[in-house]
$ cat input-v3.tsv   # TSV, N, CA and C atoms
chain	number	residue	atom	x	y	z
A	1	MET	N	27.00	-26.16	-51.99
A	1	MET	CA	26.64	-24.79	-51.81
A	1	MET	C	25.26	-24.66	-51.15
A	2	GLU	N	24.32	-25.43	-51.66
A	2	GLU	CA	22.98	-25.37	-51.07
A	2	GLU	C	22.98	-25.89	-49.65
A	3	ALA	N	23.81	-26.85	-49.37
A	3	ALA	CA	23.89	-27.38	-48.00
A	3	ALA	C	24.34	-26.30	-47.03
A	4	ARG	N	25.29	-25.47	-47.45
A	4	ARG	CA	25.76	-24.39	-46.59
A	4	ARG	C	24.66	-23.35	-46.38
A	5	ASP	N	23.95	-23.03	-47.45
A	5	ASP	CA	22.86	-22.05	-47.33
A	5	ASP	C	21.77	-22.57	-46.40
A	6	ASN	N	21.43	-23.85	-46.54
A	6	ASN	CA	20.42	-24.46	-45.65
A	6	ASN	C	20.90	-24.45	-44.21
A	7	ASN	N	22.19	-24.75	-44.03
A	7	ASN	CA	22.75	-24.77	-42.69
A	7	ASN	C	22.70	-23.37	-42.07
A	8	ARG	N	23.03	-22.36	-42.85
A	8	ARG	CA	22.98	-20.98	-42.36
A	8	ARG	C	21.55	-20.57	-42.03
A	9	GLN	N	20.59	-20.98	-42.84
A	9	GLN	CA	19.19	-20.66	-42.56
A	9	GLN	C	18.74	-21.33	-41.27
A	10	ASN	N	19.14	-22.58	-41.07
A	10	ASN	CA	18.78	-23.29	-39.84
A	10	ASN	C	19.38	-22.59	-38.62
A	11	ILE	N	20.63	-22.19	-38.76
A	11	ILE	CA	21.27	-21.48	-37.65
A	11	ILE	C	20.55	-20.16	-37.38
A	12	GLY	N	20.20	-19.45	-38.45
A	12	GLY	CA	19.46	-18.19	-38.31
A	12	GLY	C	18.11	-18.40	-37.65
A	13	ASN	N	17.41	-19.45	-38.05
A	13	ASN	CA	16.11	-19.76	-37.45
A	13	ASN	C	16.25	-20.11	-35.97
A	14	ASN	N	17.30	-20.89	-35.65
A	14	ASN	CA	17.53	-21.25	-34.24
A	14	ASN	C	17.82	-20.02	-33.40
A	15	ILE	N	18.60	-19.09	-33.95
A	15	ILE	CA	18.90	-17.85	-33.23
A	15	ILE	C	17.64	-17.04	-33.00
A	16	GLU	N	16.79	-16.93	-34.02
A	16	GLU	CA	15.54	-16.19	-33.88
A	16	GLU	C	14.64	-16.82	-32.83
A	17	GLN	N	14.56	-18.15	-32.84
A	17	GLN	CA	13.75	-18.84	-31.83
A	17	GLN	C	14.30	-18.59	-30.43
A	18	ALA	N	15.62	-18.64	-30.29
A	18	ALA	CA	16.22	-18.39	-28.98
A	18	ALA	C	15.94	-16.96	-28.52
A	19	GLU	N	16.02	-15.99	-29.45
A	19	GLU	CA	15.71	-14.61	-29.11
A	19	GLU	C	14.27	-14.47	-28.65
A	20	THR	N	13.36	-15.08	-29.38
A	20	THR	CA	11.94	-15.01	-29.05
A	20	THR	C	11.68	-15.62	-27.68
A	21	MET	N	12.29	-16.75	-27.41
A	21	MET	CA	12.09	-17.41	-26.12
A	21	MET	C	12.68	-16.57	-24.99
A	22	ALA	N	13.84	-15.96	-25.22
A	22	ALA	CA	14.46	-15.12	-24.19
A	22	ALA	C	13.59	-13.89	-23.90
A	23	ARG	N	13.05	-13.28	-24.95
A	23	ARG	CA	12.18	-12.13	-24.74
A	23	ARG	C	10.92	-12.51	-23.97
A	24	ALA	N	10.35	-13.65	-24.32
A	24	ALA	CA	9.13	-14.10	-23.63
A	24	ALA	C	9.44	-14.38	-22.16
A	25	GLU	N	10.57	-15.00	-21.89
A	25	GLU	CA	10.95	-15.30	-20.51
A	25	GLU	C	11.18	-14.01	-19.72
A	26	GLN	N	11.83	-13.03	-20.33
A	26	GLN	CA	12.07	-11.75	-19.66
A	26	GLN	C	10.76	-11.02	-19.39
A	27	ARG	N	9.84	-11.05	-20.34
A	27	ARG	CA	8.54	-10.41	-20.16
A	27	ARG	C	7.78	-11.07	-19.01
A	28	LYS	N	7.88	-12.40	-18.93
A	28	LYS	CA	7.21	-13.13	-17.85
A	28	LYS	C	7.79	-12.74	-16.50
A	29	ARG	N	9.12	-12.66	-16.40
A	29	ARG	CA	9.76	-12.25	-15.14
A	29	ARG	C	9.37	-10.84	-14.74
A	30	LYS	N	9.32	-9.94	-15.73
A	30	LYS	CA	8.95	-8.55	-15.44
A	30	LYS	C	7.52	-8.46	-14.92
A	31	ASN	N	6.61	-9.21	-15.54
A	31	ASN	CA	5.21	-9.19	-15.09
A	31	ASN	C	5.08	-9.71	-13.66
A	32	GLU	N	5.81	-10.78	-13.34
A	32	GLU	CA	5.75	-11.32	-11.98
A	32	GLU	C	6.31	-10.32	-10.97
A	33	SER	N	7.40	-9.66	-11.34
A	33	SER	CA	8.01	-8.66	-10.46
A	33	SER	C	7.05	-7.49	-10.25
A	34	THR	N	6.39	-7.06	-11.31
A	34	THR	CA	5.45	-5.95	-11.21
A	34	THR	C	4.29	-6.32	-10.30
A	35	ARG	N	3.80	-7.54	-10.42
A	35	ARG	CA	2.70	-7.99	-9.55
A	35	ARG	C	3.12	-7.97	-8.09
A	36	LYS	N	4.34	-8.43	-7.82
A	36	LYS	CA	4.82	-8.45	-6.44
A	36	LYS	C	4.91	-7.03	-5.88
A	37	MET	N	5.41	-6.10	-6.67
A	37	MET	CA	5.52	-4.72	-6.21
A	37	MET	C	4.14	-4.11	-6.00
A	38	ASN	N	3.19	-4.40	-6.89
A	38	ASN	CA	1.84	-3.88	-6.73
A	38	ASN	C	1.21	-4.40	-5.44
A	39	LYS	N	1.41	-5.68	-5.15
A	39	LYS	CA	0.87	-6.23	-3.91
A	39	LYS	C	1.53	-5.60	-2.70
A	40	LEU	N	2.83	-5.36	-2.79
A	40	LEU	CA	3.54	-4.73	-1.68
A	40	LEU	C	3.01	-3.33	-1.42
A	41	TRP	N	2.82	-2.53	-2.45
A	41	TRP	CA	2.29	-1.18	-2.28
A	41	TRP	C	0.86	-1.21	-1.77
A	42	MET	N	0.07	-2.19	-2.23
A	42	MET	CA	-1.31	-2.29	-1.77
A	42	MET	C	-1.35	-2.57	-0.26
A	43	TRP	N	-0.54	-3.52	0.21
A	43	TRP	CA	-0.54	-3.85	1.63
A	43	TRP	C	0.04	-2.72	2.48
A	44	LEU	N	1.02	-2.00	1.93
A	44	LEU	CA	1.53	-0.84	2.64
A	44	LEU	C	0.43	0.21	2.80
A	45	GLY	N	-0.35	0.42	1.77
A	45	GLY	CA	-1.48	1.35	1.84
A	45	GLY	C	-2.52	0.91	2.86
A	46	VAL	N	-2.80	-0.38	2.91
A	46	VAL	CA	-3.78	-0.90	3.87
A	46	VAL	C	-3.28	-0.67	5.29
A	47	VAL	N	-2.01	-0.93	5.54
A	47	VAL	CA	-1.45	-0.72	6.88
A	47	VAL	C	-1.52	0.75	7.27
A	48	ILE	N	-1.19	1.63	6.34
A	48	ILE	CA	-1.25	3.06	6.63
A	48	ILE	C	-2.68	3.50	6.91
A	49	LEU	N	-3.64	3.00	6.14
A	49	LEU	CA	-5.05	3.36	6.39
A	49	LEU	C	-5.52	2.86	7.75
A	50	ILE	N	-5.11	1.67	8.15
A	50	ILE	CA	-5.48	1.15	9.47
A	50	ILE	C	-4.88	2.03	10.56
A	51	PHE	N	-3.62	2.43	10.38
A	51	PHE	CA	-2.98	3.30	11.36
A	51	PHE	C	-3.72	4.63	11.47
A	52	ILE	N	-4.10	5.22	10.34
A	52	ILE	CA	-4.85	6.49	10.36
A	52	ILE	C	-6.19	6.32	11.05
A	53	LEU	N	-6.89	5.23	10.76
A	53	LEU	CA	-8.18	4.98	11.39
A	53	LEU	C	-8.06	4.84	12.90
A	54	LEU	N	-7.08	4.05	13.35
A	54	LEU	CA	-6.89	3.89	14.80
A	54	LEU	C	-6.50	5.21	15.45
A	55	PHE	N	-5.64	5.97	14.81
A	55	PHE	CA	-5.23	7.27	15.34
A	55	PHE	C	-6.43	8.20	15.47
A	56	TRP	N	-7.30	8.18	14.45
A	56	TRP	CA	-8.48	9.03	14.46
A	56	TRP	C	-9.44	8.62	15.58
A	57	ILE	N	-9.69	7.32	15.69
A	57	ILE	CA	-10.62	6.84	16.72
A	57	ILE	C	-10.12	7.18	18.12
A	58	PHE	N	-8.85	6.86	18.40
A	58	PHE	CA	-8.32	7.14	19.73
A	58	PHE	C	-8.10	8.63	19.94
A	59	GLY	N	-7.87	9.37	18.86
A	59	GLY	CA	-7.72	10.82	18.99
A	59	GLY	C	-9.02	11.47	19.41
A	60	ILE	N	-10.13	11.00	18.88
A	60	ILE	CA	-11.44	11.54	19.27
A	60	ILE	C	-11.68	11.26	20.75
A	61	GLY	N	-11.40	10.05	21.19
A	61	GLY	CA	-11.61	9.70	22.60
A	61	GLY	C	-10.71	10.52	23.51
A	62	THR	N	-9.48	10.72	23.11
A	62	THR	CA	-8.56	11.50	23.93
A	62	THR	C	-9.01	12.96	24.01
A	63	GLN	N	-9.44	13.51	22.88
A	63	GLN	CA	-9.90	14.90	22.88
A	63	GLN	C	-11.15	15.06	23.72
A	64	GLU	N	-12.06	14.09	23.67
A	64	GLU	CA	-13.26	14.16	24.50
A	64	GLU	C	-12.89	14.09	25.98
A	65	ALA	N	-11.92	13.29	26.33
A	65	ALA	CA	-11.49	13.20	27.72
A	65	ALA	C	-10.89	14.53	28.18
A	66	VAL	N	-10.12	15.16	27.32
A	66	VAL	CA	-9.51	16.44	27.68
A	66	VAL	C	-10.58	17.52	27.82
A	67	ASP	N	-11.56	17.51	26.93
A	67	ASP	CA	-12.63	18.52	26.96
A	67	ASP	C	-13.67	18.24	28.03
A	68	GLY	N	-13.66	17.06	28.61
A	68	GLY	CA	-14.64	16.73	29.65
A	68	GLY	C	-15.98	16.34	29.08
A	69	ILE	N	-16.00	15.68	27.96
A	69	ILE	CA	-17.25	15.24	27.34
A	69	ILE	C	-17.46	13.77	27.68
A	70	ASP	N	-18.68	13.45	28.15
A	70	ASP	CA	-19.01	12.07	28.48
A	70	ASP	C	-20.23	11.66	27.68
A	71	ASN	N	-20.09	10.70	26.80
A	71	ASN	CA	-21.17	10.22	25.93
A	71	ASN	C	-21.81	11.36	25.15
A	72	GLY	N	-21.02	12.26	24.67
A	72	GLY	CA	-21.52	13.35	23.84
A	72	GLY	C	-22.09	14.51	24.63
A	73	VAL	N	-22.04	14.47	25.97
A	73	VAL	CA	-22.59	15.54	26.81
A	73	VAL	C	-21.43	16.23	27.51
A	74	GLN	N	-21.42	17.56	27.43
A	74	GLN	CA	-20.36	18.33	28.08
A	74	GLN	C	-20.56	18.28	29.58
A	75	THR	N	-19.56	17.87	30.29
A	75	THR	CA	-19.62	17.85	31.75
A	75	THR	C	-18.60	18.84	32.27
A	76	THR	N	-18.96	19.49	33.36
A	76	THR	CA	-18.04	20.47	33.93
A	76	THR	C	-17.24	19.81	35.02
A	77	ILE	N	-16.01	20.23	35.12
A	77	ILE	CA	-15.13	19.69	36.15
A	77	ILE	C	-15.17	20.66	37.32
A	78	THR	N	-15.55	20.15	38.49
A	78	THR	CA	-15.61	21.01	39.67
A	78	THR	C	-14.28	20.96	40.38
A	79	THR	N	-13.85	22.13	40.83
A	79	THR	CA	-12.57	22.22	41.52
A	79	THR	C	-12.73	22.29	43.03
A	80	GLY	N	-13.95	22.33	43.49
A	80	GLY	CA	-14.19	22.38	44.94
A	80	GLY	C	-14.45	23.78	45.43
A	81	THR	N	-14.27	24.76	44.62
A	81	THR	CA	-14.57	26.13	45.03
A	81	THR	C	-15.78	26.60	44.26
A	82	ALA	N	-16.73	27.14	44.97
A	82	ALA	CA	-17.95	27.61	44.33
A	82	ALA	C	-18.04	29.12	44.50
A	83	THR	N	-18.43	29.77	43.45
A	83	THR	CA	-18.65	31.21	43.52
A	83	THR	C	-20.09	31.49	43.13
A	84	PRO	N	-20.70	32.40	43.80
A	84	PRO	CA	-22.08	32.72	43.42
A	84	PRO	C	-22.10	33.31	42.02
A	85	SER	N	-23.16	33.02	41.30
A	85	SER	CA	-23.25	33.48	39.92
A	85	SER	C	-23.53	34.97	39.82
A	86	GLY	N	-23.98	35.58	40.88
A	86	GLY	CA	-24.29	37.02	40.87
A	86	GLY	C	-23.05	37.88	41.00
A	87	GLU	N	-21.97	37.34	41.47
A	87	GLU	CA	-20.78	38.18	41.71
A	87	GLU	C	-19.89	38.26	40.53
$ encode --input "input-v3.tsv" --output "structure tokens"
Amino acid sequence: MEARDNNRQNIGNNIEQAETMARAEQRKRKNESTRKMNKLWMWLGVVILIFILLFWIFGIGTQEAVDGIDNGVQTTITTGTATPSGE
């Protein structure tokens, strides 16, 4: 009788150990997966910020070219026709 009880306790202990090990393994996998996703989102954010920065820099240059600004100084575009300022 005692042998059966001891055997059942051993089986119960083995099951508990297996459960604990499975939970620990699952937690480890989840943490690794979360780290990978965090890194992916971080790099996606970096790429988006670089794109915004480049767009902003080239947008300023394009707008200055359209407005006729050269090195921060407004320049007028002459069309070849001059009118007196008094008229």
$ atom_distance --input "input-v3.tsv" --atom1 "atom CA of Met21 of chain A" --atom2 "atom CA of Glu2 of chain A"
28.4 Å
$ axis_aligned_box --input "input-v3.tsv" --around "segment 45-59 of chain A" --padding-each-side "3 Å" --output "JSON"
{"center_x": -5.5, "center_y": 5.3, "center_z": 10.9, "size_x": 16.3, "size_y": 18.4, "size_z": 24.2}
$ select_by_dssp --input "input-v3.tsv" --residues "segment 4-80 of chain A" --states "strand (DSSP E)" --output "list in words"
Ile69, Asp70, Val73 and Gln74 of chain A
